[in-house]
Amino acid sequence: MEISTRNFLKGTVKSLTVGVVNSEVTIAVAPGVEIAAVITKASSERLGLAVGKEVYAAIKASDVIVAVD
């Protein structure tokens with residue numbers, strides 16, 4: 001598979017909350033570092049997502065906002 005996204009983070013599914021239409025997936029990518037995503041329920045089922053499964057978070061954003069205190 002080829003994909004244009006340059007930001008890939010390998011991690012493990014920490015939690016998976018399946019709703020009627022969407023699923024919320026929390027991925028642990030490093031100790032104390034997590035990424036959450038909302039995807040369709042159909043996609044979570046097609047990917048076979050489950051707690052403990054190794055996955056990749058592919059991040060593509062049109063905007064990144066940087067802030068400081």
# chains A, B, ... in the order shown; residues from 1 in each chain; ligands from 1
$ residues_around --residues "Glu45 (chain A)" --least-positions-apart "4" --cutoff "12 Å" --atoms "only C-alpha atoms" --output "list in words"
Leu16, Thr17, Val18, Gly19, Val21, Asn22, Ser23, Val25, Ile39, Thr40, Lys41, Leu49 and Ala50 of chain A
$ residues_around --residues "Lys10 (chain A)" --least-positions-apart "2" --cutoff "7 Å" --atoms "only C-alpha atoms" --output "list of chain:residue names"
A:Phe8, A:Val29, A:Val55, A:Tyr56, A:Ala57
$ write_last_selection --atoms "N, CA and C atoms" --output "CSV table (one decimal), in the first residue's frame"
chain,number,residue,atom,x,y,z
A,8,PHE,N,3.1,8.8,10.5
A,8,PHE,CA,2.6,7.5,11.0
A,8,PHE,C,3.1,7.2,12.4
A,29,VAL,N,0.7,5.3,21.9
A,29,VAL,CA,1.8,5.3,21.0
A,29,VAL,C,3.1,5.3,21.7
A,55,VAL,N,-1.7,-1.3,15.8
A,55,VAL,CA,-2.2,-0.5,14.7
A,55,VAL,C,-1.3,0.7,14.4
A,56,TYR,N,-1.6,1.4,13.3
A,56,TYR,CA,-0.9,2.6,13.0
A,56,TYR,C,-1.9,3.7,13.0
A,57,ALA,N,-1.5,4.9,13.5
A,57,ALA,CA,-2.3,6.1,13.4
A,57,ALA,C,-1.6,6.9,12.2
$ closest_residue --among "A:Ala42, A:Val20, A:Ala37, A:Val13" --to "Ala58 (chain A)" --atoms "only C-alpha atoms"
A:Ala37
$ select_by_dssp --residues "chain A" --states "helix (DSSP H, G or I)" --output "ChimeraX atom specification"
/A:41-46
$ write_last_selection --atoms "N, CA and C atoms" --output "PDB file, in the first residue's frame"
ATOM      1  N   LYS A  41     -18.234   2.750  12.608  1.00  0.00           N
ATOM      2  CA  LYS A  41     -18.333   1.415  13.193  1.00  0.00           C
ATOM      3  C   LYS A  41     -17.951   0.365  12.156  1.00  0.00           C
ATOM      4  N   ALA A  42     -18.393   0.593  10.912  1.00  0.00           N
ATOM      5  CA  ALA A  42     -18.070  -0.357   9.838  1.00  0.00           C
ATOM      6  C   ALA A  42     -16.560  -0.470   9.644  1.00  0.00           C
ATOM      7  N   SER A  43     -15.837   0.649   9.720  1.00  0.00           N
ATOM      8  CA  SER A  43     -14.378   0.614   9.562  1.00  0.00           C
ATOM      9  C   SER A  43     -13.718  -0.136  10.716  1.00  0.00           C
ATOM     10  N   SER A  44     -14.188   0.096  11.940  1.00  0.00           N
ATOM     11  CA  SER A  44     -13.581  -0.609  13.077  1.00  0.00           C
ATOM     12  C   SER A  44     -13.799  -2.112  12.972  1.00  0.00           C
ATOM     13  N   GLU A  45     -14.964  -2.504  12.459  1.00  0.00           N
ATOM     14  CA  GLU A  45     -15.234  -3.932  12.277  1.00  0.00           C
ATOM     15  C   GLU A  45     -14.398  -4.507  11.143  1.00  0.00           C
ATOM     16  N   ARG A  46     -14.286  -3.769  10.033  1.00  0.00           N
ATOM     17  CA  ARG A  46     -13.511  -4.249   8.887  1.00  0.00           C
ATOM     18  C   ARG A  46     -12.035  -4.413   9.249  1.00  0.00           C
TER      19      ARG A  46
END
$ select_by_dssp --residues "chain A" --states "strand (DSSP E or B)" --output "PyMOL selection string"
chain A and resi 7-18+22-30+33-40+54-59
$ closest_residue --among "A:Glu34, A:Lys14, A:Ile27, A:Val68" --to "Gly52 (chain A)" --atoms "only C-alpha atoms"
A:Lys14
